[in-house]
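**Student:** Following this message is one structure expressed as structure tokens.
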Amino acid sequence: MIDWADTVWRLFTVFAVLIGALLVAAGLIWVERRLLALFQNRYGPNVVGPFGTLQVVADMVKIFTKEDWVPPFADKSVFVLAPTIIMAAVLLSFAVIPFAPGFQVVNLNVGLLFFLAMSSMGVYSVVLGGWSSNSKYSLLGGVRAAAQMLSYEVFMGLSLMGVVLLAGSFDLATIVDAQARGIWYVVPQIVGFVVFLIAGSAETRRLPFDLPEAESELVAGFHAEYSGMKFGMFYVGEYLGITLLSAMIATLFFGGWSGPLLPPFLWFVVKAAFFVGLFILLRGSLPRPRYDQLMAWGWKFLLPLSLLNLLVTGAVILAMA
Amino acid sequence: MSQEHDVVRELQGRFGAEALTFQPTADAIPTLWVDKKRVHEVLRFLKYDVPLPYRTLFDLTAIDERNRADRLNQPASDFTVVYQLLSYERNADVRLKVPLAGESPSLPTVVDLWPAANWYEREVWDMFGIVLDGHPNLRRILMPPTWVGHPLRKDHPARATEIGPFTMTEQKEEEEQEALRFRPEEWGLKRRSENEDFLFLNVGPQHPGTHGPFRIILQLDGEEILDAVPDIGFHHRGAEKIGERQSWHTYIPYTDRVDYLGGVLNNMAYLMPVEQLAGIVVPDRAKVIRVMLAELYRISNHLVFYGTFAQDLGAMSPVFYAFNDRERVIGVSEAITGARLHPSWFRIGGVAADLPQGWDDLVGEVVDFLPGRIDEYEQMVLQNSIFKARTQGVGRYTQEQAIEWGVTGPGLRATGLAWDFRKARPYSGYEWFDFEVPTATGGDCYSRALVHIAEMRQSLRIIEQCLKNMPAGPYKSPHPLTTPPLKGYTMHDIETLITHFLGVSWGPNLPVGESTYTTEAAKGANAYYVISDGDTIPYRIRIRTPSYPHLQMLPEIVRGFMIPDLTATLGSIDFVMSDVDR
């Protein structure tokens, strides 16, 4: 017997999350441009539509109607495939996020692992994109991306293990529940939070971690040869990435949907939006480190730090028990 | 002055009086003619053996003498190669000239004495067709490799209308592209080592990190730069050749465009030798007005330097703040001169017009506003730890190297040498002002940024003094060669009317002679070497720009660093391609 009400609700969640995420990513482009403009004493897009909000629509129309061009020297199939991977991987990650009690596409008991796995998939997109372009700049960008994202993934995973220990589960809904009953994990896991924030933004390849595209050095790095909607997918993938990361920070360290007075979903949005703003501010304020400095900092500082955090968290939990 | 004559005595003592012919010039730089067989040893002597040696090859150029009407009893010569050396110890220059005969002359290279001679000699070959025997890579530098002829020869046409319409066929396009293909062997580079193949990365001429159409080919092992081959000339507009067809007056707007960030600093560099040649004494008010505007443009240049440098290191925002502030500086210039980036506002003998009413309020606003902003930049950029990590110890050169390669300006001061032509050889009234010459000791990218910041503060000091002590008086010299001449007396006597009429319609005839003057432009020492044949147009104008040697040195300082360091170094040496290519 099919539970129609349940099926409809599930279908609704799937489409709501999918369309919602894409809309948020598109809206973010506008938000980021306006915010950066505000930080930089400029206006930003303010002509198309009210406050320039329709700029994104205009850009989309443009990017969709551009010639779908593949450079003759590129490896065609991989070149076309690469940008779709990141979009797919990031969108899939949204499936496990608990936006509000019961509002979640799928409640996996390994939700956190699923998120980490999907973010690893994103690396393929960038590396393959850089490799298949068959251009030296793209190649250098791809190589940088591979090194950077693989390294920072390690600390990203490790930094979250403290949270897992505290909640005793990989299930994101359970982690939120545990925080709603007790204390937000940002307090006991402040180190984990900071490491996750840094590693996460390295995963999204945004300033100060935009080495794979490093405009002033590699022109556009791994996506130098991309144009039209294929470039658009990398772009949307990046903004989806920020949204996802902010949502994960809210979920894992700031109690997810929990909070007084306001409805749970709104709490979630407020928390995630705050971190989105923080990422934009970071982009507006920091220069870019050098490739070897980034690596050294990651392996020599962040890795020991996250291991130490894990050790201390484990020891404290043991002692308390 | 006595030291300058010392060098003549020293040279004649060593090589004999008959080996060297003295030539008087309007600029009082001791100028000596040497035979091409002896020039190498004379230069070697001046660089190594003379007490207080001339360690910098300041400029190396040539003159096509074949059309010159009045050579002032100089030795017979079809082409003359000119070396100008600079000694910081003596605070003096010396100029050596080598007469060459025939249509395809040659003389020995001096690259073994100064590595910096490399590009200068290539330019001499490119522009004049003078062969430098023994030069390691004598190929065109400013003109395209497929160019026919040598543009600065007098028989080479100066206008496109003289050489027939330009066509670009498909075949020609392919040939041109093929000519630009990089072949490592031609530059003595290997394609592979024992164990690995090297990657040759073509950076530019269109690249966001190269500050204009500059091309550099990198030999890479991973991201490490093993060697680099710069390629310039994409911004070449023939500024020197244009000088040979413009009147002395109408050449001024072309100078603005040589260093397009320097504005009136270019006018200053051009007019100093011209006025020296004409014997014009500029009135005090004009001098102070010039200094004030020059310093405003120095600040404007340094703000661009600062913003783009941060941008090169990946910081998005500083460039917007810097350009916004520069907008204020340029706004002042706009109110005074009517133009923003290319004011062309200095005139032979003064400036174009007196200061407008209310100029002092405008300048005062900038002087009050900028110091706070500069402090803020210092905090935002210079104290940022990522910025420090990216720039400290990167792109470093020693004071020795800087002197050897002809580095001047902030790049030289960043190695600890407090040398500023405004202080060392004050001109245009700089001796009246109280300011310091900021230095740093690292010689790296960070030190260069430090010096730039400190210089902005000093420039503000100078502007403030201009504001408080602006002298009264005329803004233009009453000298008859002042252009356009003052009109006051034209309705009273016919001679003034005639002079005025000629000066305005044909332009002034400058007296026969040669003159150069080294000024401290925003990026370093800028010197115009002007030669007058007594005509209304210059016989030859040579522009020695600071960016040229700075850029030439690049491979030397980026070897062994990584690609991001190249961007950092490029950002820190403060050059623009128009200043390199002219």
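Labels used: A, B, ... for chains in the order of the structure tokens, numbers from 1 for residues in each chain, and numbers from 1 for ligands as shown.
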With only C-alpha atoms as the counted atoms, please give the residues lying no more than 10 Å from segment 220-229 of chain A, apart from itself and same-chain residues fewer than 4 positions off, as an MDAnalysis selection string.

**Tutor:** (chainID A and resid 60 62:71 74 79:80 83 125:145 210:216 233:236) or (chainID B and resid 208)

**Student:** Using C-alpha atoms, can you export the residues from the last selection as a PDB file, in the first residue's frame?

**Tutor:**
ATOM      1  CA  MET A  60      21.703  33.624 -17.065  1.00  0.00           C
ATOM      2  CA  LYS A  62      23.369  35.541 -21.697  1.00  0.00           C
ATOM      3  CA  ILE A  63      25.226  32.501 -20.505  1.00  0.00           C
ATOM      4  CA  PHE A  64      22.554  30.118 -21.805  1.00  0.00           C
ATOM      5  CA  THR A  65      22.500  31.662 -25.255  1.00  0.00           C
ATOM      6  CA  LYS A  66      26.263  31.699 -25.685  1.00  0.00           C
ATOM      7  CA  GLU A  67      27.913  29.449 -28.191  1.00  0.00           C
ATOM      8  CA  ASP A  68      28.567  26.075 -26.631  1.00  0.00           C
ATOM      9  CA  TRP A  69      32.210  25.924 -27.544  1.00  0.00           C
ATOM     10  CA  VAL A  70      34.765  23.252 -26.899  1.00  0.00           C
ATOM     11  CA  PRO A  71      38.350  24.142 -27.765  1.00  0.00           C
ATOM     12  CA  ALA A  74      40.517  19.686 -25.561  1.00  0.00           C
ATOM     13  CA  PHE A  79      35.790  18.479 -20.902  1.00  0.00           C
ATOM     14  CA  VAL A  80      31.993  18.424 -21.093  1.00  0.00           C
ATOM     15  CA  PRO A  83      31.607  20.807 -14.783  1.00  0.00           C
ATOM     16  CA  SER A 125      35.506  18.067 -11.451  1.00  0.00           C
ATOM     17  CA  VAL A 126      38.264  20.612 -11.035  1.00  0.00           C
ATOM     18  CA  VAL A 127      41.141  18.287 -11.772  1.00  0.00           C
ATOM     19  CA  LEU A 128      39.495  16.757 -14.833  1.00  0.00           C
ATOM     20  CA  GLY A 129      38.443  20.188 -16.066  1.00  0.00           C
ATOM     21  CA  GLY A 130      42.014  21.413 -15.817  1.00  0.00           C
ATOM     22  CA  TRP A 131      43.434  18.270 -17.338  1.00  0.00           C
ATOM     23  CA  SER A 132      41.032  17.877 -20.257  1.00  0.00           C
ATOM     24  CA  SER A 133      41.382  21.512 -21.352  1.00  0.00           C
ATOM     25  CA  ASN A 134      44.842  20.647 -22.610  1.00  0.00           C
ATOM     26  CA  SER A 135      46.073  24.116 -21.833  1.00  0.00           C
ATOM     27  CA  LYS A 136      49.103  24.834 -19.690  1.00  0.00           C
ATOM     28  CA  TYR A 137      47.322  27.333 -17.480  1.00  0.00           C
ATOM     29  CA  SER A 138      44.447  24.923 -16.899  1.00  0.00           C
ATOM     30  CA  LEU A 139      46.865  22.145 -16.163  1.00  0.00           C
ATOM     31  CA  LEU A 140      48.701  24.166 -13.539  1.00  0.00           C
ATOM     32  CA  GLY A 141      45.366  25.124 -12.023  1.00  0.00           C
ATOM     33  CA  GLY A 142      44.257  21.509 -12.008  1.00  0.00           C
ATOM     34  CA  VAL A 143      47.459  20.368 -10.346  1.00  0.00           C
ATOM     35  CA  ARG A 144      47.119  23.017  -7.683  1.00  0.00           C
ATOM     36  CA  ALA A 145      43.493  22.055  -7.148  1.00  0.00           C
ATOM     37  CA  ASP A 210      41.449  30.444  -4.937  1.00  0.00           C
ATOM     38  CA  LEU A 211      44.865  29.195  -6.001  1.00  0.00           C
ATOM     39  CA  PRO A 212      43.506  26.849  -8.677  1.00  0.00           C
ATOM     40  CA  GLU A 213      42.099  29.811 -10.562  1.00  0.00           C
ATOM     41  CA  ALA A 214      44.391  32.617  -9.248  1.00  0.00           C
ATOM     42  CA  GLU A 215      43.482  35.256 -11.763  1.00  0.00           C
ATOM     43  CA  SER A 216      46.647  37.324 -11.559  1.00  0.00           C
ATOM     44  CA  MET A 233      28.143  25.289 -13.990  1.00  0.00           C
ATOM     45  CA  PHE A 234      31.521  25.796 -12.337  1.00  0.00           C
ATOM     46  CA  TYR A 235      30.280  29.158 -11.234  1.00  0.00           C
ATOM     47  CA  VAL A 236      26.998  27.896  -9.832  1.00  0.00           C
TER      48      VAL A 236
ATOM     49  CA  PRO B 208      46.024  39.952 -16.024  1.00  0.00           C
TER      50      PRO B 208
END

**Student:** So that I can check the surroundings of Gly200 of chain A, please list as a ChimeraX atom specification every protein, DNA and RNA residue that reaches within 9 Å of it, counting only C-alpha atoms and ignoring chain neighbours fewer than 5 positions away.

**Tutor:** /A:152-153,156,195,205,242,245

**Student:** Once you count only C-alpha atoms, what closest atom pair and distance in Å to one decimal does each residue of chain B within 7 Å of chain A have, with rows by chain and rising residue number, as JSON lines?

**Tutor:**
{"residue": "B:Leu201", "atom": "CA", "partner": "A:Lys136", "partner_atom": "CA", "distance": 6.9}
{"residue": "B:His207", "atom": "CA", "partner": "A:Val219", "partner_atom": "CA", "distance": 6.6}
{"residue": "B:Pro208", "atom": "CA", "partner": "A:Ser216", "partner_atom": "CA", "distance": 5.2}
{"residue": "B:Gly209", "atom": "CA", "partner": "A:Ser216", "partner_atom": "CA", "distance": 4.4}
{"residue": "B:Asp312", "atom": "CA", "partner": "A:Ser216", "partner_atom": "CA", "distance": 5.4}
{"residue": "B:Leu313", "atom": "CA", "partner": "A:Pro287", "partner_atom": "CA", "distance": 5.7}
{"residue": "B:Gly314", "atom": "CA", "partner": "A:Pro287", "partner_atom": "CA", "distance": 4.6}
{"residue": "B:Ala315", "atom": "CA", "partner": "A:Pro287", "partner_atom": "CA", "distance": 3.9}
{"residue": "B:Met316", "atom": "CA", "partner": "A:Gly284", "partner_atom": "CA", "distance": 5.8}
{"residue": "B:Ser317", "atom": "CA", "partner": "A:Gln40", "partner_atom": "CA", "distance": 5.7}
{"residue": "B:Phe320", "atom": "CA", "partner": "A:Gln40", "partner_atom": "CA", "distance": 5.9}
{"residue": "B:Tyr321", "atom": "CA", "partner": "A:Gln40", "partner_atom": "CA", "distance": 6.6}
{"residue": "B:Ile386", "atom": "CA", "partner": "A:Pro289", "partner_atom": "CA", "distance": 5.8}
{"residue": "B:Phe387", "atom": "CA", "partner": "A:Pro287", "partner_atom": "CA", "distance": 6.4}
{"residue": "B:Arg390", "atom": "CA", "partner": "A:Pro289", "partner_atom": "CA", "distance": 6.5}
{"residue": "B:Ile563", "atom": "CA", "partner": "A:Glu217", "partner_atom": "CA", "distance": 6.8}
{"residue": "B:Pro564", "atom": "CA", "partner": "A:Glu217", "partner_atom": "CA", "distance": 6.0}
{"residue": "B:Thr567", "atom": "CA", "partner": "A:Glu217", "partner_atom": "CA", "distance": 6.2}

**Student:** Set the distance at 10 Å and use only C-alpha atoms: which residues neighbour Val363 of chain B once local chain neighbours fewer than 3 positions away are removed? I'd like the list as a list in words.

**Tutor:** Met292, Leu293, Leu296, Arg328, Val329, Gly331, Val332, Ser333, Ile336, Gly358, Trp359, Asp360, Val366, Val367, Asp368, Phe369, Leu460, Ile463, Glu464, Cys466 and Leu467 of chain B

**Student:** At a cut-off of 7 Å, using only C-alpha atoms, what residues contact segment 393-408 of chain B? Leave out same-chain residues fewer than 5 positions from it and give the result as a ChimeraX atom specification.

**Tutor:** /B:55-58,114-116,415,443-445,524-525,546,549-550,553,557-558,565,569

**Student:** Enumerate the residues of segment 42-226 of chain B with a DSSP assignment of strand (DSSP E or B), computed from the backbone, and present them as a PyMOL selection string.

**Tutor:** chain B and resi 56-64+79-87+92-100+106-108+131-133+192+197+199-203+215-221+224-226

**Student:** Applying 12 Å and only C-alpha atoms, which residues near Gly188 of chain B remain after dropping the ones on its own chain fewer than 6 positions away? List them as a PDB file with all heavy atoms, in the first residue's frame.

**Tutor:**
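See part.pdb below for the written result:
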ATOM      1  N   PRO B 136      75.415  38.612 -27.158  1.00  0.00           N
ATOM      2  CA  PRO B 136      74.947  37.224 -27.075  1.00  0.00           C
ATOM      3  C   PRO B 136      73.656  36.959 -27.846  1.00  0.00           C
ATOM      4  O   PRO B 136      73.392  35.823 -28.237  1.00  0.00           O
ATOM      5  CB  PRO B 136      74.732  37.007 -25.576  1.00  0.00           C
ATOM      6  CG  PRO B 136      74.604  38.371 -24.999  1.00  0.00           C
ATOM      7  CD  PRO B 136      75.445  39.265 -25.850  1.00  0.00           C
ATOM      8  N   ASN B 137      72.823  37.938 -28.024  1.00  0.00           N
ATOM      9  CA  ASN B 137      71.555  37.669 -28.692  1.00  0.00           C
ATOM     10  C   ASN B 137      71.047  38.923 -29.392  1.00  0.00           C
ATOM     11  O   ASN B 137      70.076  39.547 -28.964  1.00  0.00           O
ATOM     12  CB  ASN B 137      70.520  37.199 -27.661  1.00  0.00           C
ATOM     13  CG  ASN B 137      69.629  36.146 -28.249  1.00  0.00           C
ATOM     14  OD1 ASN B 137      69.307  36.208 -29.436  1.00  0.00           O
ATOM     15  ND2 ASN B 137      69.235  35.175 -27.458  1.00  0.00           N
ATOM     16  N   PHE B 182      57.965  30.838 -29.706  1.00  0.00           N
ATOM     17  CA  PHE B 182      59.142  30.808 -28.849  1.00  0.00           C
ATOM     18  C   PHE B 182      59.924  29.524 -29.094  1.00  0.00           C
ATOM     19  O   PHE B 182      59.379  28.424 -29.013  1.00  0.00           O
ATOM     20  CB  PHE B 182      58.724  30.878 -27.380  1.00  0.00           C
ATOM     21  CG  PHE B 182      59.888  30.848 -26.442  1.00  0.00           C
ATOM     22  CD1 PHE B 182      60.719  31.937 -26.330  1.00  0.00           C
ATOM     23  CD2 PHE B 182      60.146  29.720 -25.684  1.00  0.00           C
ATOM     24  CE1 PHE B 182      61.805  31.902 -25.474  1.00  0.00           C
ATOM     25  CE2 PHE B 182      61.235  29.684 -24.829  1.00  0.00           C
ATOM     26  CZ  PHE B 182      62.056  30.782 -24.721  1.00  0.00           C
ATOM     27  N   GLN B 219      60.518  29.126 -18.198  1.00  0.00           N
ATOM     28  CA  GLN B 219      60.943  27.731 -18.258  1.00  0.00           C
ATOM     29  C   GLN B 219      60.656  27.145 -16.887  1.00  0.00           C
ATOM     30  O   GLN B 219      61.249  27.585 -15.888  1.00  0.00           O
ATOM     31  CB  GLN B 219      62.440  27.663 -18.584  1.00  0.00           C
ATOM     32  CG  GLN B 219      62.957  26.259 -18.737  1.00  0.00           C
ATOM     33  CD  GLN B 219      64.470  26.229 -18.823  1.00  0.00           C
ATOM     34  OE1 GLN B 219      65.151  27.073 -18.261  1.00  0.00           O
ATOM     35  NE2 GLN B 219      65.007  25.256 -19.540  1.00  0.00           N
ATOM     36  N   ASP B 227      64.104  29.617 -15.624  1.00  0.00           N
ATOM     37  CA  ASP B 227      64.615  30.769 -16.354  1.00  0.00           C
ATOM     38  C   ASP B 227      63.425  31.495 -16.977  1.00  0.00           C
ATOM     39  O   ASP B 227      62.329  30.941 -17.052  1.00  0.00           O
ATOM     40  CB  ASP B 227      65.607  30.344 -17.432  1.00  0.00           C
ATOM     41  CG  ASP B 227      66.661  31.427 -17.645  1.00  0.00           C
ATOM     42  OD1 ASP B 227      66.370  32.600 -17.326  1.00  0.00           O
ATOM     43  OD2 ASP B 227      67.758  31.103 -18.117  1.00  0.00           O
ATOM     44  N   ALA B 228      63.670  32.716 -17.397  1.00  0.00           N
ATOM     45  CA  ALA B 228      62.581  33.494 -17.972  1.00  0.00           C
ATOM     46  C   ALA B 228      63.136  34.337 -19.108  1.00  0.00           C
ATOM     47  O   ALA B 228      64.259  34.825 -19.034  1.00  0.00           O
ATOM     48  CB  ALA B 228      61.957  34.387 -16.910  1.00  0.00           C
ATOM     49  N   VAL B 229      62.360  34.485 -20.147  1.00  0.00           N
ATOM     50  CA  VAL B 229      62.773  35.307 -21.281  1.00  0.00           C
ATOM     51  C   VAL B 229      61.692  36.360 -21.528  1.00  0.00           C
ATOM     52  O   VAL B 229      60.616  36.040 -22.002  1.00  0.00           O
ATOM     53  CB  VAL B 229      62.962  34.449 -22.554  1.00  0.00           C
ATOM     54  CG1 VAL B 229      63.354  35.343 -23.716  1.00  0.00           C
ATOM     55  CG2 VAL B 229      63.992  33.377 -22.327  1.00  0.00           C
TER      56      VAL B 229
END

**Student:** Between B:Glu41, B:Glu327, B:Glu196, B:Asp579, single out the one closest to Pro108 of chain B, counting only C-alpha atoms.

**Tutor:**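 Closest to Pro108 of chain B of all the choices is B:Glu41.
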
**Student:** Ala173 of chain A: which residues within 12 Å, counting only C-alpha atoms, same-chain residues fewer than 5 positions away excluded, as a short mmCIF file (atom, residue, chain, number, x, y, z; two decimals) with N, CA and C atoms, in the first residue's frame?

**Tutor:**
data_model
loop_
_atom_site.label_atom_id
_atom_site.label_comp_id
_atom_site.auth_asym_id
_atom_site.auth_seq_id
_atom_site.Cartn_x
_atom_site.Cartn_y
_atom_site.Cartn_z
N VAL A 96 21.20 15.52 2.44
CA VAL A 96 21.29 15.04 3.82
C VAL A 96 21.15 16.14 4.86
N ILE A 97 20.99 17.37 4.42
CA ILE A 97 20.95 18.46 5.40
C ILE A 97 19.57 18.58 6.03
N PRO A 98 19.50 18.57 7.35
CA PRO A 98 18.20 18.77 8.00
C PRO A 98 17.89 20.27 8.12
N PHE A 99 16.99 20.73 7.25
CA PHE A 99 16.68 22.17 7.25
C PHE A 99 15.77 22.54 8.42
N ALA A 100 14.91 21.58 8.77
CA ALA A 100 14.02 21.77 9.90
C ALA A 100 13.61 20.37 10.35
N PRO A 101 13.01 20.20 11.52
CA PRO A 101 12.62 18.84 11.94
C PRO A 101 11.74 18.20 10.88
N GLY A 102 12.17 17.08 10.35
CA GLY A 102 11.39 16.38 9.34
C GLY A 102 11.54 16.91 7.93
N PHE A 103 12.20 18.02 7.79
CA PHE A 103 12.37 18.59 6.46
C PHE A 103 13.78 18.27 5.98
N GLN A 104 13.89 17.14 5.35
CA GLN A 104 15.21 16.61 4.94
C GLN A 104 14.92 15.64 3.82
N VAL A 105 15.68 15.68 2.76
CA VAL A 105 15.37 14.80 1.63
C VAL A 105 15.53 13.35 2.03
N VAL A 106 16.68 13.03 2.63
CA VAL A 106 16.88 11.65 3.06
C VAL A 106 17.64 11.67 4.38
N ASN A 107 17.16 10.86 5.32
CA ASN A 107 17.79 10.83 6.64
C ASN A 107 18.75 9.66 6.70
N LEU A 108 19.95 9.87 6.22
CA LEU A 108 20.96 8.81 6.23
C LEU A 108 21.58 8.72 7.61
N ASN A 109 21.87 7.50 8.05
CA ASN A 109 22.56 7.41 9.34
C ASN A 109 24.06 7.68 9.19
N VAL A 110 24.54 7.81 7.93
CA VAL A 110 25.94 8.20 7.71
C VAL A 110 25.95 9.53 6.94
N GLY A 111 25.03 10.41 7.26
CA GLY A 111 24.88 11.67 6.53
C GLY A 111 26.17 12.46 6.42
N LEU A 112 26.91 12.49 7.53
CA LEU A 112 28.12 13.29 7.54
C LEU A 112 29.17 12.69 6.59
N VAL A 164 31.31 14.30 15.90
CA VAL A 164 30.77 12.95 15.84
C VAL A 164 30.91 12.27 17.21
N ALA A 167 28.29 13.82 19.59
CA ALA A 167 26.90 13.42 19.33
C ALA A 167 26.74 11.90 19.31
N GLY A 168 27.85 11.20 19.11
CA GLY A 168 27.80 9.74 19.04
C GLY A 168 27.12 9.25 17.79
N ALA A 178 21.02 16.62 19.28
CA ALA A 178 21.91 16.62 20.44
C ALA A 178 22.25 18.03 20.86
N GLN A 179 22.44 18.91 19.87
CA GLN A 179 22.77 20.31 20.20
C GLN A 179 21.55 21.04 20.74
N ALA A 180 20.37 20.72 20.17
CA ALA A 180 19.14 21.39 20.60
C ALA A 180 18.88 21.08 22.07
N MET A 248 26.30 23.51 6.46
CA MET A 248 26.96 22.49 7.28
C MET A 248 27.50 23.09 8.57
N THR A 251 24.64 23.51 10.82
CA THR A 251 24.15 22.23 11.30
C THR A 251 25.06 21.62 12.36
N LEU A 252 26.36 21.64 12.07
CA LEU A 252 27.29 20.88 12.91
C LEU A 252 27.72 21.65 14.16
N GLY A 255 23.92 24.39 16.10
CA GLY A 255 22.60 23.89 16.48
C GLY A 255 21.59 23.78 15.37
N GLY A 256 22.03 23.87 14.13
CA GLY A 256 21.10 23.68 13.01
C GLY A 256 19.86 24.55 13.12
N TRP A 257 18.68 23.89 13.09
CA TRP A 257 17.43 24.63 13.10
C TRP A 257 17.00 25.06 14.49
N SER A 258 17.75 24.64 15.52
CA SER A 258 17.26 24.92 16.87
C SER A 258 17.45 26.38 17.24
#

**Student:** Kindly give the distance, in Å, that separates atom CA of Glu378 of chain B and atom CA of Thr439 of chain B, rounded to a single decimal.

**Tutor:** 16.0 Å

**Student:** Provide the atom CA of Arg540 of chain B to atom CA of His236 of chain B distance in Å, to one decimal place.

**Tutor:**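 According to the coordinates, atom CA of Arg540 of chain B and atom CA of His236 of chain B are separated by 17.2 Å.
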
**Student:** To one decimal in Å, tell me the separation between atom CA of Leu113 of chain A and atom CA of Asp171 of chain A.

**Tutor:**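 Those two atoms sit 8.8 Å apart.
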
**Student:** Would you please extract all alpha helix (DSSP H) residues from segment 282-518 of chain B, as assigned by DSSP on the backbone, and give them as a ChimeraX atom specification?

**Tutor:** /B:284-312,318-337,359-377,385-391,399-405,410-413,421-424,445-468,494-505

**Student:** Out of B:Val110, B:Arg582, B:Asp93, B:Tyr539, which residue has the shortest atom-to-atom distance to Met143 of chain B when counting only C-alpha atoms?

**Tutor:**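 Once distances to Met143 of chain B are computed over only C-alpha atoms, the minimum belongs to B:Arg582.
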
**Student:** Using only C-alpha atoms, which residues sit within 8 Å of Ile249 of chain A once same-chain residues fewer than 5 positions away are excluded, as a ChimeraX atom specification?

**Tutor:** /A:193,197,254,272,275

**Student:** Include N, CA, C and O atoms and write out the residues we just selected as a short mmCIF file (atom, residue, chain, number, x, y, z; two decimals), in the first residue's frame.

**Tutor:**
data_model
loop_
_atom_site.label_atom_id
_atom_site.label_comp_id
_atom_site.auth_asym_id
_atom_site.auth_seq_id
_atom_site.Cartn_x
_atom_site.Cartn_y
_atom_site.Cartn_z
N PHE A 193 35.75 23.80 14.81
CA PHE A 193 35.01 24.76 13.99
C PHE A 193 35.95 25.59 13.13
O PHE A 193 35.74 25.76 11.93
N LEU A 197 36.14 25.58 9.18
CA LEU A 197 35.89 26.82 8.42
C LEU A 197 36.99 27.03 7.38
O LEU A 197 36.73 27.34 6.21
N PHE A 254 26.38 25.08 15.11
CA PHE A 254 25.52 26.14 15.65
C PHE A 254 24.08 25.68 15.85
O PHE A 254 23.14 26.45 15.73
N ALA A 272 22.74 30.06 8.44
CA ALA A 272 23.48 29.80 7.20
C ALA A 272 23.82 31.12 6.50
O ALA A 272 24.95 31.31 6.03
N PHE A 275 26.90 32.88 7.77
CA PHE A 275 28.20 32.36 7.33
C PHE A 275 28.46 32.65 5.86
O PHE A 275 29.61 32.84 5.46
#
